[in-house]
Every structure is written in structure tokens, then in C-alpha cells.
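Peer 1: Dropping in model-v7.csv, which is CSV, C-alpha atoms:
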chain,number,residue,atom,x,y,z
A,1,MET,CA,-11.5,18.8,-1.1
A,2,LYS,CA,-9.2,15.8,-0.6
A,3,LYS,CA,-8.2,15.0,3.0
A,4,LEU,CA,-4.6,14.5,3.9
A,5,LEU,CA,-3.7,10.9,5.0
A,6,GLY,CA,-3.8,10.4,8.7
A,7,ILE,CA,-0.4,8.9,8.8
A,8,LEU,CA,0.8,12.5,9.1
A,9,VAL,CA,0.1,12.0,12.8
A,10,LEU,CA,3.8,11.0,12.7
A,11,ILE,CA,4.5,14.7,12.6
A,12,LEU,CA,1.7,15.7,15.0
A,13,PHE,CA,-0.8,16.7,12.4
A,14,THR,CA,-4.4,16.6,13.5
A,15,LEU,CA,-6.7,15.3,10.8
A,16,GLN,CA,-10.1,17.0,10.4
A,17,ALA,CA,-12.6,14.9,8.4
A,18,PRO,CA,-16.3,14.4,8.2
A,19,SER,CA,-17.6,11.2,9.6
A,20,GLN,CA,-19.2,8.5,7.4
A,21,ALA,CA,-17.2,9.4,4.3
A,22,ASP,CA,-17.3,6.7,1.6
A,23,ASP,CA,-15.4,8.0,-1.4
A,24,ILE,CA,-12.1,6.2,-1.7
A,25,ARG,CA,-10.8,9.1,-3.9
A,26,ASP,CA,-10.8,11.4,-0.9
A,27,PHE,CA,-8.1,9.3,0.8
A,28,GLN,CA,-4.5,10.2,-0.1
A,29,ILE,CA,-1.0,8.8,0.3
A,30,GLU,CA,1.5,11.7,0.1
A,31,GLY,CA,-1.1,13.7,-1.9
A,32,MET,CA,-1.8,10.9,-4.4
A,33,SER,CA,-5.1,9.0,-4.7
A,34,VAL,CA,-6.9,6.6,-7.0
A,35,GLY,CA,-8.4,8.4,-10.0
A,36,ASP,CA,-5.4,10.8,-10.3
A,37,SER,CA,-3.0,10.6,-13.2
A,38,LEU,CA,0.4,9.4,-12.3
A,39,LEU,CA,1.8,11.9,-14.7
A,40,ASP,CA,0.8,14.6,-12.1
A,41,TYR,CA,3.6,13.2,-9.9
A,42,PHE,CA,6.2,11.5,-12.1
A,43,SER,CA,7.4,11.9,-15.6
A,44,GLU,CA,6.4,9.4,-18.3
A,45,GLU,CA,10.1,8.4,-18.5
A,46,GLU,CA,10.1,7.6,-14.8
A,47,ILE,CA,7.0,5.6,-15.1
A,48,LYS,CA,8.3,3.6,-18.1
A,49,GLU,CA,11.6,2.9,-16.4
A,50,ALA,CA,10.0,1.7,-13.1
A,51,ARG,CA,10.2,-2.0,-12.2
A,52,LYS,CA,7.1,-3.5,-13.7
A,53,TYR,CA,5.0,-6.5,-12.6
A,54,LYS,CA,2.7,-8.4,-15.0
A,55,TYR,CA,-0.1,-10.8,-14.1
A,56,LYS,CA,-1.6,-13.8,-16.0
A,57,SER,CA,-4.5,-11.6,-16.9
A,58,ASP,CA,-3.0,-8.5,-18.5
A,59,ASN,CA,-5.8,-5.9,-18.0
A,60,PHE,CA,-3.7,-4.2,-15.3
A,61,TYR,CA,0.0,-4.1,-14.4
A,62,SER,CA,1.9,-2.8,-11.4
A,63,ILE,CA,5.1,-0.7,-11.1
A,64,ASP,CA,7.4,0.2,-8.2
A,65,ILE,CA,8.9,3.6,-7.8
A,66,LEU,CA,11.5,3.5,-5.0
A,67,ASP,CA,13.6,6.6,-5.6
A,68,VAL,CA,11.2,9.1,-4.0
A,69,GLN,CA,11.3,12.3,-2.2
A,70,SER,CA,9.1,11.4,0.8
A,71,ALA,CA,9.4,12.1,4.5
A,72,LEU,CA,7.3,9.2,5.4
A,73,PHE,CA,7.5,6.4,2.8
A,74,ASN,CA,10.5,4.5,1.4
A,75,GLY,CA,8.8,3.6,-1.9
A,76,PHE,CA,5.5,3.3,-3.7
A,77,GLN,CA,3.7,0.8,-5.9
A,78,PHE,CA,1.1,1.8,-8.4
A,79,HIS,CA,-1.6,-0.3,-10.2
A,80,LEU,CA,-2.4,0.9,-13.8
A,81,LYS,CA,-4.6,-0.2,-16.6
A,82,LYS,CA,-3.1,-1.6,-19.8
A,83,GLU,CA,-2.8,0.9,-22.7
A,84,ASP,CA,-4.0,3.8,-20.6
A,85,TYR,CA,-1.6,6.5,-21.6
A,86,LYS,CA,-3.1,9.0,-19.1
A,87,TYR,CA,-1.7,6.5,-16.4
A,88,ILE,CA,-4.8,6.8,-14.2
A,89,ILE,CA,-4.1,5.3,-10.7
A,90,HIS,CA,-6.3,2.3,-9.8
A,91,GLY,CA,-4.3,1.5,-6.8
A,92,VAL,CA,-1.4,3.0,-4.7
A,93,SER,CA,0.7,1.5,-1.9
A,94,GLY,CA,3.2,3.3,0.3
A,95,ALA,CA,5.8,1.3,2.2
A,96,ILE,CA,7.6,2.2,5.4
A,97,ILE,CA,10.7,0.1,6.0
A,98,TYR,CA,11.9,-1.0,9.5
A,99,GLY,CA,15.5,-1.9,10.0
A,100,GLU,CA,17.9,-2.7,7.2
A,101,VAL,CA,17.4,-4.9,4.1
A,102,GLY,CA,18.6,-8.4,4.8
A,103,ILE,CA,19.4,-7.9,8.5
A,104,TYR,CA,17.2,-9.2,11.3
A,105,TYR,CA,15.6,-6.4,13.3
A,106,PRO,CA,13.8,-7.6,16.5
A,107,LYS,CA,12.1,-4.3,17.1
A,108,SER,CA,10.3,-4.3,13.7
A,109,GLU,CA,7.0,-5.9,14.9
A,110,LYS,CA,6.6,-3.6,17.8
A,111,GLU,CA,7.4,-0.4,15.9
A,112,CYS,CA,5.3,-1.4,12.9
A,113,LYS,CA,2.2,-2.3,15.0
A,114,LYS,CA,2.5,1.0,16.9
A,115,GLN,CA,2.4,3.0,13.7
A,116,MET,CA,-0.3,0.7,12.3
A,117,LYS,CA,-2.6,1.5,15.2
A,118,ILE,CA,-2.2,5.2,14.6
A,119,ILE,CA,-3.1,4.9,10.9
A,120,GLU,CA,-5.9,2.5,11.7
A,121,LYS,CA,-7.5,4.9,14.1
A,122,ASP,CA,-7.4,7.7,11.5
A,123,ILE,CA,-9.0,5.5,8.9
A,124,ASP,CA,-11.7,4.6,11.4
A,125,SER,CA,-12.5,8.2,11.9
A,126,ILE,CA,-12.8,9.0,8.2
A,127,PHE,CA,-14.6,5.9,7.0
A,128,SER,CA,-16.8,5.0,9.9
A,129,ASN,CA,-19.2,3.0,7.7
A,130,ALA,CA,-16.5,0.8,6.3
A,131,LYS,CA,-16.6,-3.0,6.9
A,132,LYS,CA,-13.4,-3.8,8.9
A,133,GLU,CA,-11.6,-7.1,9.3
A,134,THR,CA,-8.4,-7.8,11.2
A,135,LYS,CA,-6.1,-10.8,10.9
A,136,SER,CA,-2.8,-11.9,12.4
A,137,GLY,CA,-0.7,-15.0,11.7
A,138,VAL,CA,2.8,-16.6,11.7
A,139,GLY,CA,4.4,-18.1,8.6
A,140,ILE,CA,4.2,-17.5,4.9
A,141,ASP,CA,5.4,-19.5,1.9
A,142,TYR,CA,9.1,-18.7,2.1
A,143,ASP,CA,9.4,-17.9,5.8
A,144,LYS,CA,7.7,-20.0,8.5
A,145,GLU,CA,8.8,-17.4,11.1
A,146,ALA,CA,7.3,-14.4,9.4
A,147,ILE,CA,4.8,-12.5,11.5
A,148,ARG,CA,2.0,-10.6,9.6
A,149,HIS,CA,-0.7,-8.3,10.9
A,150,ASP,CA,-3.5,-7.1,8.5
A,151,VAL,CA,-6.4,-4.7,8.7
A,152,TYR,CA,-8.8,-4.5,5.8
A,153,PHE,CA,-11.4,-1.8,5.2
A,154,THR,CA,-14.0,-2.5,2.6
A,155,LEU,CA,-16.0,0.4,1.1
A,156,ASN,CA,-18.5,0.7,-1.7
A,157,SER,CA,-16.0,2.7,-3.7
A,158,GLY,CA,-12.9,0.6,-3.0
A,159,ASP,CA,-10.6,-1.0,-0.4
A,160,ILE,CA,-7.9,0.1,2.0
A,161,TYR,CA,-5.4,-2.4,3.4
A,162,LEU,CA,-2.9,-2.0,6.2
A,163,GLN,CA,-0.2,-4.7,6.4
A,164,CYS,CA,2.7,-5.2,8.8
A,165,VAL,CA,5.2,-8.0,7.9
A,166,THR,CA,8.3,-8.9,9.9
A,167,PHE,CA,10.6,-11.7,8.8
A,168,GLY,CA,12.7,-14.2,10.6
A,169,LYS,CA,16.5,-14.3,10.7
A,170,LYS,CA,17.0,-17.0,8.1
A,171,ALA,CA,14.6,-15.6,5.5
A,172,LYS,CA,15.8,-12.1,6.0
A,173,LYS,CA,19.4,-13.0,5.2
A,174,LYS,CA,18.6,-15.5,2.4
A,175,GLU,CA,16.0,-13.5,0.5
A,176,TYR,CA,17.5,-10.1,1.2
A,177,ILE,CA,14.2,-8.7,2.2
A,178,PHE,CA,13.0,-6.0,4.6
A,179,ASP,CA,10.3,-5.6,7.2
A,180,SER,CA,7.6,-3.1,6.3
A,181,LEU,CA,4.3,-1.4,7.0
A,182,ARG,CA,2.3,-1.1,3.8
A,183,LEU,CA,-0.7,1.1,3.3
A,184,THR,CA,-2.7,0.4,0.1
A,185,ILE,CA,-5.7,2.1,-1.6
A,186,LEU,CA,-7.5,0.2,-4.4
A,187,THR,CA,-10.5,1.1,-6.6
A,188,LYS,CA,-13.3,-1.4,-6.5
A,189,GLU,CA,-12.6,-2.3,-10.2
A,190,PHE,CA,-9.0,-3.2,-9.5
A,191,SER,CA,-9.8,-4.9,-6.2
A,192,ASN,CA,-12.3,-7.2,-8.0
A,193,TRP,CA,-9.9,-7.9,-10.8
A,194,ILE,CA,-6.9,-8.8,-8.5
A,195,THR,CA,-9.2,-11.1,-6.5
A,196,HIS,CA,-11.0,-12.9,-9.4
A,197,GLU,CA,-9.0,-12.5,-12.6
A,198,ALA,CA,-5.4,-11.5,-12.2
A,199,TYR,CA,-4.0,-15.0,-11.6
A,200,LYS,CA,-6.3,-17.0,-13.8
Turn this file's structure into C-alpha cells for me.

Peer 2:
Amino acid sequence: MKKLLGILVLILFTLQAPSQADDIRDFQIEGMSVGDSLLDYFSEEEIKEARKYKYKSDNFYSIDILDVQSALFNGFQFHLKKEDYKYIIHGVSGAIIYGEVGIYYPKSEKECKKQMKIIEKDIDSIFSNAKKETKSGVGIDYDKEAIRHDVYFTLNSGDIYLQCVTFGKKAKKKEYIFDSLRLTILTKEFSNWITHEAYK
């Protein structure tokens, strides 16, 4: 039985899960997980009309679905295999937005990190055998003031990423972007492809 994502601690839900789990398919974002068909959650018309991202290697593509009925997430991104008309999910990300698009919000980092710690603790409890790596830094290509915090969980069956990104005043206004917490689940197949093939 699939376990409900620990982010539901937001609404005081207590997660019960066996220790030392290692099947990435048991981890869900709003009930969705890798290995599911996206058609179970959205119509084919919604999938085809979604904003689409292509890569240099075209084995996979990504779509954004932002108009969602979700109490927790402001939007989702899905990673799908080319010419798979069952639309099997190879990766799913949920994003929580802090503040408003294009407007600097000084509380973003604190709020994002607080929620990130809650989710991180729950992932630790589910996947106690996962290899875990944390990183923090300042500055990305188009914003030298951006602050990023990352937690990576590596399992035999796939990967889970937690990412907090908060932007500086200039980039926020110029690029019309938003601060966010992103939670991502990837199959091992997609994770290897995005690392070694997607941009070649």
C-alpha cells in the first residue's frame, strides 16, 4: 500500500511507515507517484495542452501543469517518455510558492527552510537506508543573490530531491520569477538519463 507523503504534516497528519523502505514507487506527491499513468489524474487533453519542455536528447520530455486543485502545491511538473501513450510517470515535482511572482519577499528563505526540514525528517523516517547529501549556496547564473538549499536522497530504485530557492530583488523583478520549495521524485532510469544524456 502506498504511503501518503509526509508533507501532510502541514495539516497535522502523522505518517506511519516501515523503516528501511527502498521502493521509490511507495512515495507519493498528492497521491501521485512514479510508475503511475498520468491519465489517472489528468485528461489526455490537459496533458497535451500543458507547457512542454524538450531536451537535446529526446528520449524524455517534461510538462508543467499549474492549474491544479491542491491544498499544498501550486503546480506540478511531470517527466514522461517519448511516444508513451499511457503517459507513465518517470518523475514528478510539486512546487510550493512563497510570496508573489516578481515581488521580493524577505521571509521566503525562513519559511521555505522550515517546511523543508519537516519534509526532510519524514523522508528520513521512510527511507532510512538512502544515501543523503545536503548543499547550500549563494548565486546562480541569472541571479548572484539567489539563495539555494538542497537535500538529495539516493536510493536503488530512484532519487528524491528537496530544493529551496529564494531570489534577490533585482532578479525577482526582472525575470518575474517566484521563490519556491520543490519536492521531486525520479525513477533511476530518468535520473540517469537527465544526468548523462539529456543535454548532450

Peer 1: With only C-alpha atoms as the basis for distance, which of A:Ile160, A:Leu72, A:Ile63, A:Ile103 is at the shortest distance from Asp124 (chain A)?

Peer 2: A:Ile160

Peer 1: What is the CA of Lys107 (chain A)-CA of Ala71 (chain A) distance in Å, reported with one decimal?

Peer 2: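 CA of Lys107 (chain A) sits 20.9 Å away from CA of Ala71 (chain A).
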
Peer 1: I'd like to know which of A:Asp26, A:Glu133, A:Glu45, A:Asp64 is closest to Ala95 (chain A), using all atoms listed in the file.

Peer 2: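 Looking at the shortest contact to Ala95 (chain A), the residue is A:Asp64.
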
Peer 1: Expressed in Å to a single decimal, how great is the separation between CA of Lys173 (chain A) and CA of Glu49 (chain A)?

Peer 2: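 So the answer is 27.9 Å.
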
Peer 1: Could you list, as number ranges by chain, every residue within 7 Å of Phe178 (chain A), counting only C-alpha atoms and ignoring same-chain residues fewer than 6 positions away?

Peer 2: A: 97, 100-102, 172

Peer 1: Next, dump the selected residues to file, keeping only C-alpha atoms, as an mmCIF file, in the coordinates of the input.

Peer 2:
data_model
loop_
_atom_site.group_PDB
_atom_site.id
_atom_site.type_symbol
_atom_site.label_atom_id
_atom_site.label_comp_id
_atom_site.auth_asym_id
_atom_site.auth_seq_id
_atom_site.Cartn_x
_atom_site.Cartn_y
_atom_site.Cartn_z
ATOM 1 C CA ILE A 97 10.700 0.100 6.000
ATOM 2 C CA GLU A 100 17.900 -2.700 7.200
ATOM 3 C CA VAL A 101 17.400 -4.900 4.100
ATOM 4 C CA GLY A 102 18.600 -8.400 4.800
ATOM 5 C CA LYS A 172 15.800 -12.100 6.000
#

Peer 1: Given all atoms listed in the file as the basis, pick out the residue of A:Asp23, A:Asp150, A:Glu197, A:Glu109 nearest to Ser128 (chain A).

Peer 2: A:Asp23

Peer 1: Tell me which of A:Ile123, A:Met116, A:Val138, A:Val68 sits closest to Ile185 (chain A), counting only C-alpha atoms.

Peer 2: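 For Ile185 (chain A), the nearest of the given residues is A:Ile123.
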
Peer 1: Between A:Ser157, A:Thr134, A:Ser125, A:Ser108, which one has atoms that come closest to Glu189 (chain A), using only C-alpha atoms?

Peer 2: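 Of all the options, A:Ser157 lies closest to Glu189 (chain A).
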
Peer 1: Report, in Å to a single decimal, how far apart CA of Asp58 (chain A) and CA of Asp36 (chain A) are.

Peer 2: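 Interatomic distance here is 21.1 Å.
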
Peer 1: From the list A:Ile65, A:Leu80, A:Val165, A:Ile89, which residue is nearest Tyr105 (chain A) when using only C-alpha atoms?

Peer 2: A:Val165

Peer 1: Go ahead and find all residues with at least one atom no further than 10 Å from (3.7, 3.0, 2.2) in the file's coordinates, using all atoms listed in the file; report them as number ranges by chain.

Peer 2: A: 7, 29-30, 72-77, 92-97, 162-163, 180-184

Peer 1: Around (13.2, -16.7, 9.9), as given in the file, which residues come within 8 Å? Count only C-alpha atoms and list them as a PyMOL selection string.

Peer 2: chain A and resi 143-146+167-172

Peer 1: N, CA and C atoms are what I want for region 94-130 of chain A; can you complete it accordingly and write them as an mmCIF file, in the coordinates of the input?

Peer 2:
data_model
loop_
_atom_site.group_PDB
_atom_site.id
_atom_site.type_symbol
_atom_site.label_atom_id
_atom_site.label_comp_id
_atom_site.auth_asym_id
_atom_site.auth_seq_id
_atom_site.Cartn_x
_atom_site.Cartn_y
_atom_site.Cartn_z
ATOM 1 N N GLY A 94 1.981 2.693 -0.240
ATOM 2 C CA GLY A 94 3.200 3.300 0.300
ATOM 3 C C GLY A 94 3.783 2.366 1.332
ATOM 4 N N ALA A 95 5.109 2.210 1.321
ATOM 5 C CA ALA A 95 5.800 1.300 2.200
ATOM 6 C C ALA A 95 6.749 2.039 3.149
ATOM 7 N N ILE A 96 6.667 1.723 4.438
ATOM 8 C CA ILE A 96 7.600 2.200 5.400
ATOM 9 C C ILE A 96 8.486 1.047 5.850
ATOM 10 N N ILE A 97 9.780 1.175 5.706
ATOM 11 C CA ILE A 97 10.700 0.100 6.000
ATOM 12 C C ILE A 97 11.227 0.218 7.439
ATOM 13 N N TYR A 98 11.322 -0.942 8.104
ATOM 14 C CA TYR A 98 11.900 -1.000 9.500
ATOM 15 C C TYR A 98 13.171 -1.791 9.437
ATOM 16 N N GLY A 99 14.205 -1.237 10.057
ATOM 17 C CA GLY A 99 15.500 -1.900 10.000
ATOM 18 C C GLY A 99 16.164 -1.794 8.685
ATOM 19 N N GLU A 100 17.112 -2.702 8.423
ATOM 20 C CA GLU A 100 17.900 -2.700 7.200
ATOM 21 C C GLU A 100 17.510 -3.933 6.345
ATOM 22 N N VAL A 101 17.654 -3.793 5.036
ATOM 23 C CA VAL A 101 17.400 -4.900 4.100
ATOM 24 C C VAL A 101 18.358 -6.058 4.453
ATOM 25 N N GLY A 102 17.805 -7.256 4.618
ATOM 26 C CA GLY A 102 18.600 -8.400 4.800
ATOM 27 C C GLY A 102 19.157 -8.670 6.215
ATOM 28 N N ILE A 103 18.897 -7.744 7.132
ATOM 29 C CA ILE A 103 19.400 -7.900 8.500
ATOM 30 C C ILE A 103 18.240 -7.969 9.481
ATOM 31 N N TYR A 104 18.262 -8.990 10.302
ATOM 32 C CA TYR A 104 17.200 -9.200 11.300
ATOM 33 C C TYR A 104 17.096 -8.043 12.234
ATOM 34 N N TYR A 105 15.876 -7.577 12.476
ATOM 35 C CA TYR A 105 15.600 -6.400 13.300
ATOM 36 C C TYR A 105 14.515 -6.761 14.315
ATOM 37 N N PRO A 106 14.835 -7.135 15.537
ATOM 38 C CA PRO A 106 13.800 -7.600 16.500
ATOM 39 C C PRO A 106 12.781 -6.610 16.912
ATOM 40 N N LYS A 107 13.032 -5.332 16.699
ATOM 41 C CA LYS A 107 12.100 -4.300 17.100
ATOM 42 C C LYS A 107 11.021 -4.009 16.033
ATOM 43 N N SER A 108 11.155 -4.632 14.864
ATOM 44 C CA SER A 108 10.300 -4.300 13.700
ATOM 45 C C SER A 108 8.792 -4.463 14.076
ATOM 46 N N GLU A 109 8.424 -5.606 14.634
ATOM 47 C CA GLU A 109 7.000 -5.900 14.900
ATOM 48 C C GLU A 109 6.395 -4.822 15.797
ATOM 49 N N LYS A 110 7.077 -4.526 16.882
ATOM 50 C CA LYS A 110 6.600 -3.600 17.800
ATOM 51 C C LYS A 110 6.419 -2.176 17.220
ATOM 52 N N GLU A 111 7.440 -1.737 16.488
ATOM 53 C CA GLU A 111 7.400 -0.400 15.900
ATOM 54 C C GLU A 111 6.338 -0.330 14.787
ATOM 55 N N CYS A 112 6.231 -1.394 14.005
ATOM 56 C CA CYS A 112 5.300 -1.400 12.900
ATOM 57 C C CYS A 112 3.831 -1.416 13.466
ATOM 58 N N LYS A 113 3.567 -2.241 14.465
ATOM 59 C CA LYS A 113 2.200 -2.300 15.000
ATOM 60 C C LYS A 113 1.821 -0.982 15.689
ATOM 61 N N LYS A 114 2.771 -0.308 16.308
ATOM 62 C CA LYS A 114 2.500 1.000 16.900
ATOM 63 C C LYS A 114 2.024 1.995 15.896
ATOM 64 N N GLN A 115 2.760 2.064 14.779
ATOM 65 C CA GLN A 115 2.400 3.000 13.700
ATOM 66 C C GLN A 115 1.089 2.566 13.028
ATOM 67 N N MET A 116 0.920 1.261 12.907
ATOM 68 C CA MET A 116 -0.300 0.700 12.300
ATOM 69 C C MET A 116 -1.533 1.145 13.056
ATOM 70 N N LYS A 117 -1.469 1.128 14.374
ATOM 71 C CA LYS A 117 -2.600 1.500 15.200
ATOM 72 C C LYS A 117 -2.968 2.980 15.011
ATOM 73 N N ILE A 118 -1.962 3.821 14.837
ATOM 74 C CA ILE A 118 -2.200 5.200 14.600
ATOM 75 C C ILE A 118 -2.954 5.450 13.306
ATOM 76 N N ILE A 119 -2.472 4.801 12.259
ATOM 77 C CA ILE A 119 -3.100 4.900 10.900
ATOM 78 C C ILE A 119 -4.513 4.336 10.969
ATOM 79 N N GLU A 120 -4.635 3.169 11.583
ATOM 80 C CA GLU A 120 -5.900 2.500 11.700
ATOM 81 C C GLU A 120 -6.977 3.392 12.349
ATOM 82 N N LYS A 121 -6.587 4.063 13.406
ATOM 83 C CA LYS A 121 -7.500 4.900 14.100
ATOM 84 C C LYS A 121 -7.979 6.077 13.237
ATOM 85 N N ASP A 122 -7.069 6.621 12.439
ATOM 86 C CA ASP A 122 -7.400 7.700 11.500
ATOM 87 C C ASP A 122 -8.371 7.240 10.432
ATOM 88 N N ILE A 123 -8.115 6.050 9.893
ATOM 89 C CA ILE A 123 -9.000 5.500 8.900
ATOM 90 C C ILE A 123 -10.384 5.269 9.456
ATOM 91 N N ASP A 124 -10.438 4.759 10.675
ATOM 92 C CA ASP A 124 -11.700 4.600 11.400
ATOM 93 C C ASP A 124 -12.501 5.868 11.452
ATOM 94 N N SER A 125 -11.796 6.966 11.722
ATOM 95 C CA SER A 125 -12.500 8.200 11.900
ATOM 96 C C SER A 125 -12.993 8.808 10.579
ATOM 97 N N ILE A 126 -12.322 8.478 9.470
ATOM 98 C CA ILE A 126 -12.800 9.000 8.200
ATOM 99 C C ILE A 126 -13.862 8.115 7.576
ATOM 100 N N PHE A 127 -13.656 6.792 7.631
ATOM 101 C CA PHE A 127 -14.600 5.900 7.000
ATOM 102 C C PHE A 127 -15.303 5.028 8.072
ATOM 103 N N SER A 128 -16.150 5.672 8.824
ATOM 104 C CA SER A 128 -16.800 5.000 9.900
ATOM 105 C C SER A 128 -17.798 3.925 9.467
ATOM 106 N N ASN A 129 -18.234 3.998 8.210
ATOM 107 C CA ASN A 129 -19.200 3.000 7.700
ATOM 108 C C ASN A 129 -18.497 1.827 7.005
ATOM 109 N N ALA A 130 -17.183 1.837 6.936
ATOM 110 C CA ALA A 130 -16.500 0.800 6.300
ATOM 111 C C ALA A 130 -16.585 -0.555 7.014
#
